[in-house]
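Quick look at target10.txt (compact mmCIF, C-alpha atoms and all ligand atoms):
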# COMPACT_ATOMS: atom_id res chain seq x y z
CA MET A 1 50.97 -51.87 -56.31
CA LYS A 2 47.50 -53.26 -56.65
CA THR A 3 47.94 -54.18 -60.30
CA LYS A 4 51.00 -56.24 -59.67
CA LYS A 5 49.14 -58.24 -57.10
CA THR A 6 46.18 -58.76 -59.38
CA ILE A 7 48.32 -60.03 -62.18
CA PHE A 8 50.66 -62.31 -60.34
CA ILE A 9 48.58 -63.71 -57.56
CA LEU A 10 46.55 -66.84 -57.95
CA ILE A 11 43.08 -65.82 -57.14
CA LEU A 12 41.31 -68.23 -54.94
CA GLY A 13 37.90 -66.90 -55.81
CA LEU A 14 36.89 -70.42 -55.05
CA VAL A 15 37.65 -69.80 -51.43
CA PHE A 16 35.27 -66.91 -51.33
CA VAL A 17 32.21 -68.98 -52.08
CA PHE A 18 33.64 -71.69 -49.93
CA LEU A 19 33.79 -69.39 -46.92
CA VAL A 20 30.45 -67.76 -47.52
CA ASN A 21 28.69 -71.06 -47.61
CA PHE A 22 30.72 -72.77 -44.98
CA LYS A 23 28.43 -74.28 -42.45
CA HIS A 24 29.40 -75.44 -39.08
CA ILE A 25 28.76 -78.87 -37.72
CA ARG A 26 28.92 -78.50 -33.98
CA LYS A 27 28.71 -81.39 -31.66
CA SER A 28 25.81 -79.63 -30.01
CA THR A 29 23.80 -79.51 -33.25
CA ILE A 30 24.34 -83.08 -34.21
CA ASN A 31 22.96 -85.77 -32.07
CA GLN A 32 25.67 -88.37 -31.94
CA LYS A 33 23.26 -91.03 -30.77
CA ASP A 34 21.03 -90.32 -33.72
CA SER A 35 24.02 -90.80 -36.01
CA ILE A 36 24.83 -94.11 -34.40
CA ASP A 37 21.21 -95.28 -34.51
CA GLN A 38 21.09 -94.34 -38.14
CA LEU A 39 24.27 -96.24 -38.68
CA ASN A 40 22.91 -99.37 -37.08
CA LYS A 41 19.79 -99.14 -39.18
CA ILE A 42 21.84 -98.86 -42.31
CA GLN A 43 23.92 -101.84 -41.40
CA SER A 44 21.08 -104.08 -40.36
CA LEU A 45 18.38 -103.19 -42.84
CA ASN A 46 20.10 -101.67 -45.84
CA SER A 47 16.93 -99.69 -46.09
CA GLY A 48 16.41 -97.60 -49.14
CA LEU A 49 19.71 -98.59 -50.65
CA PRO A 50 20.09 -99.42 -54.28
CA PHE A 51 20.52 -102.87 -55.63
CA LYS A 52 22.71 -103.52 -58.56
CA LEU A 53 23.43 -106.35 -60.90
CA LYS A 54 26.92 -107.47 -60.11
CA GLU A 55 27.35 -110.17 -62.66
CA GLN A 56 24.87 -111.64 -65.05
CA LYS A 57 24.04 -114.45 -62.70
CA PHE A 58 20.50 -115.68 -62.59
CA ALA A 59 18.31 -118.42 -61.23
CA PRO A 60 19.00 -121.53 -63.36
CA ASP A 61 15.43 -122.80 -63.33
CA GLN A 62 13.29 -119.66 -63.48
CA VAL A 63 12.45 -116.75 -65.70
CA LEU A 64 10.40 -113.58 -65.39
CA VAL A 65 7.67 -113.06 -67.96
CA LYS A 66 5.37 -110.18 -68.68
CA PHE A 67 2.34 -111.04 -70.77
CA LYS A 68 0.31 -108.52 -72.73
CA PRO A 69 -2.03 -106.72 -70.29
CA THR A 70 -5.10 -107.53 -72.38
CA LEU A 71 -4.82 -111.25 -71.62
CA SER A 72 -7.03 -112.78 -68.96
CA ASP A 73 -5.49 -114.52 -65.97
CA PRO A 74 -6.86 -117.97 -66.93
CA PHE A 75 -5.41 -117.57 -70.42
CA VAL A 76 -2.01 -116.67 -68.98
CA GLU A 77 -2.14 -119.62 -66.58
CA ALA A 78 -3.00 -121.92 -69.47
CA THR A 79 -0.13 -120.52 -71.53
CA ILE A 80 2.33 -121.15 -68.72
CA SER A 81 1.12 -124.74 -68.42
CA ALA A 82 1.39 -125.20 -72.18
CA TYR A 83 5.11 -124.52 -71.84
CA GLN A 84 5.25 -127.26 -69.17
CA SER A 85 6.12 -124.52 -66.73
CA LYS A 86 4.74 -123.64 -63.34
CA ARG A 87 3.81 -120.30 -61.91
CA ILE A 88 5.88 -119.60 -58.79
CA LYS A 89 4.50 -116.15 -58.20
CA ARG A 90 2.66 -113.33 -59.87
CA ILE A 91 3.88 -109.89 -58.88
CA PRO A 92 0.68 -107.91 -58.52
CA LYS A 93 0.20 -104.49 -60.14
CA LEU A 94 3.21 -105.05 -62.40
CA ASN A 95 1.63 -108.24 -63.72
CA ILE A 96 4.98 -109.99 -63.97
CA TYR A 97 5.11 -113.77 -63.60
CA GLN A 98 7.98 -115.63 -62.02
CA ILE A 99 7.82 -119.08 -63.56
CA GLN A 100 9.58 -122.38 -63.06
CA ILE A 101 10.81 -123.72 -66.39
CA PRO A 102 10.81 -127.40 -67.44
CA GLU A 103 13.75 -129.44 -66.18
CA ASN A 104 15.04 -130.30 -69.62
CA MET A 105 15.36 -126.70 -70.70
CA THR A 106 17.91 -123.97 -70.07
CA VAL A 107 16.99 -120.44 -69.19
CA GLU A 108 18.36 -119.25 -72.54
CA GLU A 109 16.24 -121.73 -74.51
CA MET A 110 13.13 -120.89 -72.54
CA LEU A 111 13.65 -117.15 -73.05
CA PHE A 112 14.16 -117.67 -76.75
CA ILE A 113 10.87 -119.53 -77.05
CA LEU A 114 8.89 -117.15 -74.86
CA ASN A 115 10.14 -114.11 -76.69
CA GLN A 116 8.75 -115.57 -79.97
CA ASN A 117 5.26 -115.62 -78.48
CA PRO A 118 3.23 -112.57 -79.53
CA ASP A 119 1.33 -112.71 -76.23
CA VAL A 120 4.56 -112.09 -74.34
CA GLU A 121 5.70 -108.52 -73.85
CA TYR A 122 9.08 -109.66 -72.66
CA ALA A 123 10.82 -112.50 -70.84
CA GLU A 124 14.09 -112.22 -69.01
CA PRO A 125 16.30 -114.14 -66.58
CA ASN A 126 15.69 -113.76 -62.87
CA TYR A 127 19.01 -112.08 -62.12
CA ARG A 128 20.60 -111.95 -58.72
CA ALA A 129 20.88 -108.47 -57.34
CA TYR A 130 23.59 -107.25 -55.04
CA ILE A 131 23.58 -104.48 -52.56
CA ALA A 132 25.71 -101.53 -53.47
CA VAL A 133 28.47 -100.68 -51.07
CA THR A 134 27.40 -98.31 -48.34
CA PRO A 135 30.15 -97.09 -46.05
CA ASN A 136 29.53 -96.86 -42.31
CA ASP A 137 30.82 -93.29 -41.92
CA ALA A 138 28.42 -91.37 -39.68
CA PHE A 139 28.09 -88.34 -41.97
CA PHE A 140 27.71 -90.31 -45.18
CA LYS A 141 24.00 -89.51 -44.98
CA TYR A 142 24.84 -85.85 -45.66
CA GLN A 143 26.92 -86.68 -48.71
CA TYR A 144 24.23 -86.35 -51.37
CA ALA A 145 26.97 -86.03 -53.99
CA LEU A 146 27.88 -89.68 -53.45
CA TYR A 147 24.39 -91.03 -52.79
CA ASN A 148 21.37 -88.78 -53.10
CA LYS A 149 18.21 -90.27 -51.68
CA GLY A 150 16.35 -86.97 -51.66
CA GLN A 151 17.52 -86.08 -48.18
CA GLU A 152 17.59 -82.59 -46.76
CA ILE A 153 20.85 -81.02 -47.86
CA GLY A 154 22.77 -80.27 -44.72
CA GLY A 155 20.50 -82.57 -42.73
CA ILE A 156 18.57 -79.78 -41.08
CA PRO A 157 14.76 -79.75 -41.36
CA GLY A 158 13.77 -76.95 -43.71
CA ASP A 159 16.86 -77.37 -45.90
CA PRO A 160 16.08 -77.92 -49.56
CA LYS A 161 15.74 -81.55 -50.53
CA GLY A 162 17.82 -83.20 -53.21
CA LYS A 163 16.45 -85.02 -56.22
CA PRO A 164 16.80 -88.76 -55.66
CA ARG A 165 19.80 -90.17 -57.50
CA ALA A 166 21.11 -86.79 -58.62
CA ASP A 167 24.52 -88.10 -57.57
CA ILE A 168 27.71 -89.52 -59.02
CA LYS A 169 26.75 -93.21 -58.40
CA ALA A 170 29.58 -93.78 -55.95
CA THR A 171 27.92 -96.64 -54.05
CA GLU A 172 27.46 -98.71 -57.19
CA SER A 173 31.02 -98.13 -58.34
CA TRP A 174 32.64 -99.12 -55.03
CA GLU A 175 31.44 -102.65 -55.69
CA GLU A 176 33.97 -102.67 -58.51
CA THR A 177 36.86 -100.92 -56.79
CA LYS A 178 37.68 -98.89 -53.72
CA GLY A 179 41.03 -97.92 -55.16
CA ASN A 180 44.60 -99.03 -54.82
CA GLU A 181 46.84 -97.48 -52.20
CA SER A 182 49.69 -97.16 -54.66
CA ILE A 183 47.68 -94.57 -56.58
CA ILE A 184 48.48 -91.08 -55.31
CA ILE A 185 46.34 -87.96 -55.64
CA ALA A 186 48.34 -84.74 -55.27
CA ILE A 187 46.23 -82.05 -53.64
CA ILE A 188 47.92 -78.82 -54.70
CA ASP A 189 46.19 -76.35 -52.43
CA THR A 190 46.54 -74.72 -48.99
CA GLY A 191 47.96 -77.87 -47.38
CA ILE A 192 46.31 -80.47 -45.19
CA ASP A 193 45.54 -81.10 -41.53
CA PHE A 194 47.88 -84.03 -40.88
CA ASP A 195 46.09 -84.83 -37.59
CA HIS A 196 42.59 -84.96 -39.00
CA PRO A 197 40.95 -88.25 -37.98
CA ASP A 198 39.67 -88.90 -41.51
CA LEU A 199 42.93 -87.97 -43.25
CA LYS A 200 45.85 -88.89 -41.03
CA ASP A 201 46.07 -92.46 -42.31
CA LYS A 202 45.59 -91.41 -45.91
CA ILE A 203 48.67 -89.28 -46.40
CA TYR A 204 51.35 -90.62 -48.70
CA SER A 205 54.11 -88.28 -47.56
CA SER A 206 54.56 -84.99 -45.75
CA GLY A 207 54.55 -83.31 -49.15
CA TYR A 208 55.97 -79.85 -49.65
CA ASP A 209 55.10 -76.25 -48.88
CA PHE A 210 56.07 -74.01 -51.80
CA ALA A 211 54.45 -71.00 -50.13
CA ASN A 212 56.89 -71.09 -47.23
CA GLU A 213 59.66 -73.17 -48.83
CA ASP A 214 59.65 -75.94 -46.30
CA SER A 215 58.58 -79.55 -46.08
CA ASP A 216 55.63 -78.94 -43.78
CA ALA A 217 52.44 -78.72 -45.83
CA THR A 218 50.21 -78.10 -42.81
CA ASP A 219 46.96 -76.35 -43.74
CA ASP A 220 46.68 -72.88 -42.15
CA HIS A 221 43.64 -71.96 -44.23
CA GLY A 222 41.15 -74.85 -44.41
CA HIS A 223 40.54 -75.13 -48.13
CA GLY A 224 43.05 -77.88 -48.89
CA THR A 225 41.81 -80.10 -46.06
CA HIS A 226 38.25 -79.81 -47.39
CA VAL A 227 39.33 -80.64 -50.94
CA ALA A 228 41.44 -83.62 -49.81
CA GLY A 229 38.56 -85.11 -47.82
CA ILE A 230 36.25 -85.11 -50.83
CA ALA A 231 38.79 -86.95 -53.00
CA SER A 232 40.00 -89.47 -50.51
CA ALA A 233 38.89 -89.25 -46.87
CA ASP A 234 39.35 -92.39 -44.82
CA THR A 235 36.19 -94.35 -45.59
CA ASN A 236 34.23 -97.05 -43.78
CA ASN A 237 36.16 -96.25 -40.60
CA SER A 238 32.96 -95.38 -38.67
CA GLU A 239 34.26 -91.83 -38.46
CA GLY A 240 33.17 -88.67 -40.21
CA MET A 241 32.74 -88.83 -43.94
CA ALA A 242 33.39 -91.02 -46.96
CA GLY A 243 35.82 -90.11 -49.74
CA VAL A 244 35.47 -90.96 -53.42
CA ALA A 245 38.72 -92.96 -53.61
CA TRP A 246 38.68 -95.02 -50.39
CA ASN A 247 42.13 -96.50 -50.59
CA CYS A 248 44.08 -94.04 -52.71
CA LYS A 249 46.60 -91.85 -50.91
CA ILE A 250 46.99 -88.10 -50.70
CA LEU A 251 50.12 -86.12 -51.49
CA PRO A 252 49.61 -82.69 -49.89
CA ILE A 253 51.36 -79.77 -51.55
CA LYS A 254 50.91 -76.25 -50.28
CA VAL A 255 50.92 -73.41 -52.81
CA MET A 256 48.55 -70.95 -51.18
CA ASP A 257 49.10 -69.15 -47.92
CA GLU A 258 46.80 -68.57 -44.97
CA GLU A 259 44.94 -65.95 -47.02
CA GLY A 260 44.17 -68.53 -49.69
CA SER A 261 46.32 -67.09 -52.44
CA GLY A 262 49.76 -67.63 -53.89
CA TYR A 263 52.04 -66.93 -56.82
CA TYR A 264 51.80 -68.84 -60.06
CA SER A 265 55.45 -69.80 -59.58
CA TRP A 266 54.50 -71.83 -56.50
CA ALA A 267 51.82 -73.74 -58.43
CA ILE A 268 54.16 -74.27 -61.39
CA GLU A 269 56.84 -75.76 -59.17
CA ALA A 270 54.27 -77.85 -57.32
CA ILE A 271 52.85 -79.39 -60.49
CA ARG A 272 56.34 -80.34 -61.66
CA TRP A 273 57.20 -81.68 -58.20
CA ALA A 274 53.99 -83.74 -57.93
CA ALA A 275 54.60 -85.32 -61.34
CA ASP A 276 58.11 -86.32 -60.24
CA ASN A 277 57.11 -87.54 -56.79
CA GLY A 278 54.59 -90.27 -57.41
CA ALA A 279 51.33 -88.48 -58.24
CA SER A 280 48.98 -90.25 -60.64
CA VAL A 281 46.38 -87.52 -60.35
CA ILE A 282 46.77 -83.80 -59.62
CA ASN A 283 43.86 -81.86 -58.16
CA LEU A 284 43.92 -78.10 -58.79
CA SER A 285 41.03 -76.46 -56.96
CA LEU A 286 42.61 -73.11 -57.70
CA GLY A 287 43.26 -70.74 -60.51
CA GLY A 288 43.71 -67.21 -61.76
CA ASP A 289 42.26 -64.99 -64.46
CA GLU A 290 45.54 -64.53 -66.30
CA PRO A 291 46.98 -67.02 -68.76
CA SER A 292 50.59 -68.05 -68.22
CA LYS A 293 52.85 -69.87 -70.64
CA ALA A 294 54.87 -71.19 -67.71
CA LEU A 295 51.77 -72.58 -66.02
CA GLU A 296 50.70 -74.24 -69.24
CA GLU A 297 54.12 -75.82 -69.66
CA ALA A 298 53.98 -77.22 -66.13
CA LEU A 299 50.67 -78.85 -67.02
CA GLN A 300 52.13 -80.24 -70.21
CA TYR A 301 55.08 -81.67 -68.27
CA ALA A 302 52.77 -83.58 -65.91
CA PHE A 303 50.38 -84.61 -68.69
CA GLU A 304 53.24 -86.10 -70.68
CA LYS A 305 54.16 -88.16 -67.62
CA ASP A 306 50.58 -89.51 -67.75
CA VAL A 307 49.39 -87.67 -64.71
CA VAL A 308 45.67 -86.88 -64.89
CA ILE A 309 45.17 -83.20 -64.07
CA VAL A 310 41.78 -82.01 -62.85
CA ALA A 311 41.13 -78.29 -62.41
CA ALA A 312 38.33 -76.07 -61.13
CA ALA A 313 36.51 -73.84 -63.62
CA GLY A 314 35.99 -71.03 -61.09
CA ASN A 315 32.98 -69.49 -59.39
CA GLU A 316 32.29 -66.13 -60.98
CA ALA A 317 29.65 -67.16 -63.54
CA GLY A 318 32.25 -66.01 -66.07
CA SER A 319 34.80 -67.60 -68.34
CA VAL A 320 36.89 -70.57 -67.29
CA ILE A 321 39.99 -69.60 -65.29
CA TYR A 322 43.57 -70.88 -65.68
CA PRO A 323 44.84 -73.58 -65.50
CA ALA A 324 41.41 -75.21 -66.10
CA ALA A 325 41.20 -73.42 -69.46
CA TYR A 326 44.27 -75.28 -70.78
CA ASP A 327 42.15 -77.67 -72.78
CA ALA A 328 44.85 -80.01 -74.00
CA TYR A 329 46.22 -81.00 -70.60
CA CYS A 330 43.47 -81.08 -68.00
CA LEU A 331 39.84 -81.73 -67.24
CA ALA A 332 37.97 -78.52 -66.45
CA VAL A 333 35.22 -79.10 -63.89
CA SER A 334 32.07 -77.06 -63.35
CA ALA A 335 29.74 -77.45 -60.38
CA SER A 336 26.31 -79.06 -60.34
CA ASP A 337 23.95 -79.22 -57.37
CA TYR A 338 21.68 -81.63 -55.48
CA ASN A 339 19.10 -81.54 -58.30
CA ASP A 340 21.66 -82.20 -61.04
CA SER A 341 21.24 -78.60 -62.15
CA ARG A 342 24.21 -76.39 -62.91
CA THR A 343 24.97 -73.89 -60.21
CA GLU A 344 24.43 -70.31 -61.31
CA TRP A 345 27.87 -69.22 -60.07
CA SER A 346 29.88 -71.88 -61.87
CA ASN A 347 32.10 -70.60 -64.70
CA TYR A 348 31.35 -71.86 -68.19
CA GLY A 349 32.81 -72.02 -71.64
CA PRO A 350 33.96 -74.46 -74.31
CA GLU A 351 36.79 -75.68 -72.07
CA ILE A 352 34.42 -77.34 -69.57
CA ASP A 353 34.76 -81.13 -69.70
CA VAL A 354 32.47 -82.42 -66.97
CA ALA A 355 30.48 -81.31 -63.93
CA ALA A 356 30.37 -82.73 -60.42
CA PRO A 357 28.41 -81.69 -57.33
CA GLY A 358 29.82 -78.52 -55.78
CA GLU A 359 26.90 -77.05 -53.84
CA ARG A 360 26.94 -77.56 -50.06
CA ILE A 361 29.44 -80.38 -50.00
CA LEU A 362 30.35 -81.93 -46.67
CA SER A 363 34.03 -82.55 -46.04
CA CYS A 364 36.86 -82.30 -43.55
CA VAL A 365 38.00 -79.05 -42.00
CA PRO A 366 41.15 -78.69 -39.91
CA ILE A 367 40.65 -79.52 -36.25
CA TRP A 368 41.61 -75.94 -35.30
CA TYR A 369 38.90 -74.50 -37.54
CA TRP A 370 35.91 -75.03 -35.24
CA GLY A 371 37.98 -75.92 -32.19
CA PRO A 372 38.39 -79.19 -30.31
CA ASP A 373 34.75 -79.34 -29.12
CA SER A 374 33.36 -79.60 -32.63
CA PHE A 375 33.39 -82.26 -35.26
CA PRO A 376 36.08 -81.31 -37.79
CA TYR A 377 33.70 -81.31 -40.75
CA GLY A 378 31.75 -78.63 -42.58
CA PHE A 379 29.86 -77.81 -45.73
CA GLY A 380 31.51 -75.86 -48.52
CA SER A 381 30.47 -74.77 -52.02
CA GLY A 382 32.46 -74.08 -55.13
CA THR A 383 34.01 -75.64 -58.19
CA SER A 384 36.80 -76.33 -55.68
CA MET A 385 34.48 -78.92 -54.15
CA ALA A 386 33.32 -80.32 -57.51
CA THR A 387 36.88 -80.91 -58.75
CA PRO A 388 38.08 -83.49 -56.18
CA HIS A 389 35.09 -85.74 -56.95
CA VAL A 390 36.55 -86.02 -60.44
CA SER A 391 40.10 -86.47 -59.13
CA GLY A 392 38.89 -89.32 -56.92
CA LEU A 393 37.25 -90.98 -59.89
CA ALA A 394 40.42 -90.60 -61.98
CA ALA A 395 42.38 -92.31 -59.19
CA LEU A 396 39.90 -95.20 -59.08
CA ILE A 397 40.11 -95.70 -62.85
CA LYS A 398 43.92 -95.66 -62.60
CA SER A 399 43.66 -98.20 -59.75
CA ILE A 400 41.96 -100.84 -61.89
CA LYS A 401 43.51 -99.90 -65.24
CA PRO A 402 47.02 -98.66 -64.46
CA TRP A 403 48.06 -99.02 -68.09
CA LEU A 404 45.71 -96.30 -69.32
CA LYS A 405 47.20 -93.06 -70.59
CA ALA A 406 46.14 -89.79 -68.96
CA SER A 407 44.25 -88.85 -72.12
CA GLU A 408 42.40 -92.17 -72.06
CA ILE A 409 41.35 -91.75 -68.43
CA MET A 410 40.16 -88.23 -69.25
CA ASN A 411 38.07 -89.65 -72.08
CA VAL A 412 36.57 -92.38 -69.91
CA ILE A 413 35.45 -89.69 -67.47
CA ARG A 414 34.05 -87.50 -70.25
CA TYR A 415 32.23 -90.16 -72.22
CA THR A 416 30.62 -91.89 -69.26
CA ALA A 417 29.17 -88.69 -67.79
CA ASP A 418 25.39 -88.28 -67.63
CA ASP A 419 24.05 -85.53 -69.89
CA VAL A 420 21.74 -84.25 -67.16
CA ASN A 421 20.83 -81.06 -69.03
CA ALA A 422 19.99 -82.89 -72.27
CA ASP A 423 16.53 -81.29 -72.36
CA SER A 424 17.96 -77.80 -72.86
CA TYR A 425 21.50 -78.52 -74.06
CA PRO A 426 21.75 -81.94 -75.67
CA GLY A 427 25.27 -83.31 -75.93
CA ASN A 428 28.47 -81.62 -74.89
CA ASP A 429 27.78 -78.04 -73.82
CA GLU A 430 29.62 -75.15 -72.23
CA TYR A 431 27.88 -75.44 -68.85
CA ILE A 432 28.46 -79.03 -67.80
CA GLY A 433 30.61 -80.31 -70.68
CA TYR A 434 29.77 -83.96 -71.34
CA GLY A 435 27.70 -84.05 -68.17
CA ARG A 436 27.75 -84.84 -64.47
CA ILE A 437 30.26 -87.63 -63.84
CA ASN A 438 28.93 -91.15 -63.37
CA MET A 439 31.32 -93.38 -61.39
CA GLU A 440 29.35 -96.53 -62.05
CA LYS A 441 29.51 -96.11 -65.81
CA ALA A 442 33.17 -95.16 -65.64
CA LEU A 443 34.21 -98.13 -63.51
CA VAL A 444 31.81 -101.05 -63.79
CA PRO A 445 32.29 -103.05 -66.96
CA ILE A 446 29.22 -103.49 -69.09
CA LYS A 447 28.39 -107.14 -69.45
CA ILE A 448 26.33 -108.16 -72.40
CA SER A 449 24.59 -111.47 -72.38
CA GLY A 450 21.64 -113.20 -73.94
CA ALA A 451 22.17 -111.73 -77.40
CA LYS A 452 21.60 -114.34 -80.06
CA CA A 501 35.46 -91.58 -42.66
CA CA A 502 38.84 -78.89 -71.24
CA CA A 503 24.40 -81.40 -72.28
Could I get this file's structure written as structure tokens?
Amino acid sequence: MKTKKTIFILILGLVFVFLVNFKHIRKSTINQKDSIDQLNKIQSLNSGLPFKLKEQKFAPDQVLVKFKPTLSDPFVEATISAYQSKRIKRIPKLNIYQIQIPENMTVEEMLFILNQNPDVEYAEPNYRAYIAVTPNDAFFKYQYALYNKGQEIGGIPGDPKGKPRADIKATESWEETKGNESIIIAIIDTGIDFDHPDLKDKIYSSGYDFANEDSDATDDHGHGTHVAGIASADTNNSEGMAGVAWNCKILPIKVMDEEGSGYYSWAIEAIRWAADNGASVINLSLGGDEPSKALEEALQYAFEKDVVIVAAAGNEAGSVIYPAAYDAYCLAVSASDYNDSRTEWSNYGPEIDVAAPGERILSCVPIWYWGPDSFPYGFGSGTSMATPHVSGLAALIKSIKPWLKASEIMNVIRYTADDVNADSYPGNDEYIGYGRINMEKALVPIKISGAK
């Protein structure tokens, strides 16, 4: 009866990679004091963290000017005086002057005049910069997907190092929103660990278990807990990890058993149930090789209720699995890595919409997984891990723009992605779609000023 199983069972090929790459964080291998020291450093120094322009606010009496490099210092000084301005500071090496403008002049007027001068390369306001939001979660430093500073992936010396800022720009976007708790992300998966310290306060309802036909969606596998943490772990609670959508809630729905597989019928029912029970976003880190009209109709049902559906492309370096391949109704997500490269195992094809990091992603594991003496966190790889980054972003967009249609949110996510493989595959391509998602571009409004 092998064939029957192959046809009708949802393959969680995703789980395979997930298990193979699963790495244990034991209390004995992580120095808690080190984590706390690191934490204090982050809080007190903000070292190495990015600055961002929050609003176009600038010093009212100063501008920054760069003169042509061929000009001598005395000539530049004389030019500044000729504008009845005063040098406050010259930034060495960059040769940028911070100057005090005359009292009777606005910054805009002064910039207009300076920018007419052929000796000036450019002049701009001295904007105020703001620190991006950095959560205090102890393991945030391992979450290169959210903020990649070129750290060792996995935090162990000898691990490969990431490429700085090959990440989804989470810290910049959290300045804009951390999500609204009325926005619900349905995690249709193996269930969730309801007692997990980074999830227990994030759960919207006890959900449903379609695998066992009961209302207890407890995770007896591990996959669903990991996926849920990525999308929406409790964040800035000094515990564990950070999630993409800090304040959004999780609706756990179990459709795969302890082996990590389940019937399409369970997923079909779950999608319908999620759409009717408050979900704004549905995360499907699962799929099978076979198309199914019934599965497609379930997607259509949720899509027409303006639920954003995000689905994993699969991990076999082959064609995109179902339901991700249902182009009209969901975002299909492939996996990138800590260098913004595509992973070699990620599925590809014209249905791919975007990529998100899926290689060695830290997230929650059920407390029983490593046992009570370990931290309930671990690293996993797969498009299963890439997908909830996108679901979290969809929930944040919905949080600040609840009036947007599902199709509009999908387009925001597509069109704000970074085309990180533009050198080889400019534009939309079958490996990473429109690109690796960029939360800052998707969430922070672009402010244009100074144009005359
Ligand atoms: Ca946390
Ligand atoms: Ca698609
Ligand atoms: Ca491309």
> How far is it from atom CA of A:Ile113 to atom CA of A:Lys93, in Å with one decimal?
Replying inline: 25.0 Å
> Suppose you want the space between atom CA of A:Ser363 and atom CA of A:Leu404; what is it in Å?
Replying inline: 29.5 Å
>> Neighbouring residues of ligand CA 502 (chain A) are defined here as those with any atom at most 6 Å from a ligand atom, counting only C-alpha atoms and all ligand atoms; list them as a PyMOL selection string.
In response: chain A and resi 327+331-332+351-353
Could you build a table of the residues in chain A lying no more than 7 Å from ligand CA 501 (chain A), giving for each the nearest pair of atoms and their separation in Å rounded to one decimal place, using only C-alpha atoms and all ligand atoms, ordered by chain and ascending residue number, as a tab-separated table?
residue	atom	partner	partner_atom	distance
A:Asp137	CA	A:CA501	CA	5.0
A:Asp198	CA	A:CA501	CA	5.1
A:Ala233	CA	A:CA501	CA	5.9
A:Asp234	CA	A:CA501	CA	4.5
A:Thr235	CA	A:CA501	CA	4.1
A:Asn236	CA	A:CA501	CA	5.7
A:Asn237	CA	A:CA501	CA	5.2
A:Ser238	CA	A:CA501	CA	6.1
A:Glu239	CA	A:CA501	CA	4.4
A:Gly240	CA	A:CA501	CA	4.4
A:Met241	CA	A:CA501	CA	4.1
A:Ala242	CA	A:CA501	CA	4.8
How would the residues just picked look written out with C-alpha atoms as a compact mmCIF listing (two decimals), keeping the file's coordinate frame?
# COMPACT_ATOMS: atom_id res chain seq x y z
CA ASP A 137 30.82 -93.29 -41.92
CA ASP A 198 39.67 -88.90 -41.51
CA ALA A 233 38.89 -89.25 -46.87
CA ASP A 234 39.35 -92.39 -44.82
CA THR A 235 36.19 -94.35 -45.59
CA ASN A 236 34.23 -97.05 -43.78
CA ASN A 237 36.16 -96.25 -40.60
CA SER A 238 32.96 -95.38 -38.67
CA GLU A 239 34.26 -91.83 -38.46
CA GLY A 240 33.17 -88.67 -40.21
CA MET A 241 32.74 -88.83 -43.94
CA ALA A 242 33.39 -91.02 -46.96
>> Which residues are near ligand CA 503 (chain A) in this structure, taking near to mean any atom at most 10 Å from a ligand atom and counting all atoms listed in the file? Format them as a list in words.
In response: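 Based on all atoms listed in the file, ligand CA 503 (chain A) is surrounded within 10 Å by Val354, Ala417, Asp418, Asp419, Val420, Asn421, Ala422, Asp423, Ser424, Tyr425, Pro426, Gly427, Asn428, Asp429, Glu430, Tyr431, Ile432, Gly433, Tyr434, Gly435 and Arg436 of chain A.
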> Could you work out how far atom CA of A:Arg90 lies from atom CA of A:Met105, giving the answer in Å with one decimal?
Replying inline: 21.4 Å
>> Applying 7 Å and all atoms listed in the file, which residues near A:Ile183 remain after dropping the ones on its own chain fewer than 4 positions away? List them as number ranges by chain.
In response: A: 248-249, 280, 395, 399
>> Could you list, as a VMD selection string, every residue within 8 Å of A:Ile253, counting only C-alpha atoms and ignoring same-chain residues fewer than 5 positions away?
In response: chain A and resid 186 to 191 207 to 210 217 270 274
> A:Pro157, A:Arg165, A:Thr171, A:Tyr338: which is nearest A:Asn136, counting all atoms listed in the file?
Replying inline: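 Of A:Pro157, A:Arg165, A:Thr171, A:Tyr338, the one nearest A:Asn136, counting all atoms listed in the file, is A:Thr171.
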>> For a quick check of understanding, using all atoms listed in the file, which of A:Pro402, A:Pro376, A:Gly349, A:Gly392 has the smallest distance to A:Asp195?
In response: A:Pro376
>> Would you pick out the contacts of A:Ser72 at 12 Å or less, using all atoms listed in the file, so that residues sharing its chain but fewer than 6 positions from it are not included, and give the list as a VMD selection string?
In response: chain A and resid 78 to 79 95 119
Box along x, y and z, 5 Å on every side, all listed atoms of stretch 257-267 of chain A inside: centre and edge lengths in Å to one decimal, as lines of an AutoDock Vina configuration file.
center_x = 49.8
center_y = -69.8
center_z = -52.5
size_x = 21.3
size_y = 17.8
size_z = 25.1
>> So that I can see what lies close to A:Asp167, please list as a list of chain:residue names the residues with an atom at most 10 Å from it, counting only C-alpha atoms and leaving out residues fewer than 3 positions away in the same chain.
In response: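 That gives A:Gln143, A:Tyr144, A:Ala145, A:Leu146, A:Tyr147, A:Asn148, A:Lys149, A:Gly162, A:Lys163, A:Pro164, A:Ala170, A:Thr171, A:Ser336, A:Asp337, A:Tyr338, A:Asn339, A:Asp340, A:Ala356, A:Pro357, A:Arg436, A:Ile437, A:Asn438, A:Met439.
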At a cut-off of 8 Å, can you tabulate as CSV every residue of stretch 325-386 of chain A near stretch 226-229 of chain A together with its closest atom pair and the distance in Å to one decimal, using all atoms listed in the file and ordering rows by chain then number?
residue,atom,partner,partner_atom,distance
A:Ser363,CA,A:His226,CA,5.2
A:Cys364,CA,A:His226,CA,4.8
A:Val365,CA,A:His226,CA,5.4
A:Gly380,CA,A:His226,CA,7.9
A:Ser384,CA,A:Val227,CA,6.9
A:Met385,CA,A:Val227,CA,6.1
